[in-house]
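As structure tokens, the structure follows; a few thoughts come after it.
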Amino acid sequence: MSQSTSNVIYIPPNYINPSDTTSQNAIKNLIIDIQTKKDLLSENYNNKLIDIQNKFYEHRYDDKLLQAELDKEIQNQISNDTIDANNLFLDNTQKMQDIIKLSNEVKQMQTSLMNNVKTYDHIKSLNGQQLTISNIENTNDYRIHINNKCLSTDTNNNYKISTCNNNDFSQRFTINPVIDNNSYTKEYNFNPQLSEIRSYPYNLVKSKLNGLCLEESNGSVFVNKCQSLNGQKWRGMQSKNKQNCQK
């Protein structure tokens with residue numbers, strides 16, 4: 001009897017005898033057994049597939065729940081941040097209004113202080129140097145007195161001390177108040193820094209002839225290009241009441 005080299009079931013020729021019921025039953029049982037195993041394998045495969053699908057859908061459902069929770073948390077955070085931002089805006093708005101109100105009150109006080117003193121007879125720099133000045137009658141112009149004479153300038157930006165003369169235009173100076181950001185920008189042509197704002201109010205004393213500013217440094221007095229220097233910042237006083245000074 002020859003042997004098969006494949007995995008199929010081999011039935012030798014003339015092996016089945018139609019009258020041999022035992023052989024027929026054996027083959028029948030073998031076929032039934034094979035079909036049973038096939039059905040079992042198919043059932044196990046289907047069950048496994050169903051299990052995998054169930055796990056997939058369950059996991060997908062979990063992902064949806066997680067996404068929903070995350071979306072909810074994000075919306076809550078956005079809502080809370082929006083409320084905080086609105087509250088902060090309202091708080092800062094109120095503070096800004098208070099600052100503007102206070103600034104206006106200070107400006108009014110500074111303006112009133114400037115206007116209350118019609119004329120000065122002394123000026124004092126923020127460095128501490130004090131000079132005697134005199135108002136030229138019926139004008140807003142002043143003379144700067146130094147060593148019993150007056151400070152004079154020329155168109156070449158030079159300066160000297162000469163005999164005081166009301167009609168000498170080179171001896172005329174104006175007192176220009178700097179009391180707020182607007183007047184500061186008007187005088188310097190740029191906006192002030194915070195450190196500059198703190199020195200309000202003060203005056204620039206400017207030559208009418210060439211526009212240079214009166215400056216003092218280390219005891220010397222001269223005219224120079226206008227700059228935001230303490231030596232060019234002056235406060236006016238009246239000798240009758242030395243306390244009537246711009247503070």
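Identifiers for the structure tokens are assigned positionally: chains receive A, B, ... in sequence, residues are indexed from 1 per chain, and ligands are indexed from 1 in the order shown.
The shell of residues at most 6 Å from Arg235 (chain A), with only C-alpha atoms counted and near chain neighbours (fewer than 5 positions) removed, consists of Ile123, Lys124, Tyr202, Asn203 and Gln246 of chain A.
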As a list of chain:residue names, please: all residues of region 135-194 of chain A that backbone DSSP puts in helix (DSSP H, G or I). A:Phe169, A:Ser170, A:Gln171, A:Asn181, A:Asn182, A:Ser183, A:Tyr184, A:Thr185, A:Lys186, A:Glu187, A:Tyr188, A:Leu194
Just the residues within 12 Å of Phe173 (chain A), please, counting only C-alpha atoms, with nothing from its chain fewer than 6 positions along; format it as number ranges by chain. A: 133-136, 139-145, 150-153, 166, 203-214, 223
Can you pull out every residue from region 99-241 of chain A that DSSP, working from the backbone, puts in strand (DSSP E or B), and format the result as a PyMOL selection string? chain A and resi 122-125+130-135+141-146+149-153+159-162+173-178+202-207+213-217+220-224+234-238+241
Calculate how many Å separate CA of Gly231 (chain A) from CA of Gly219 (chain A), rounding to one decimal. 10.1 Å
When you look at region 177-187 of chain A with a cut-off of 7 Å (counting only C-alpha atoms), what residues show up, excluding the ones that are within fewer than 2 positions of it in the same chain? I need them as a PyMOL selection string. chain A and resi 107+110+175+189-192+200-204
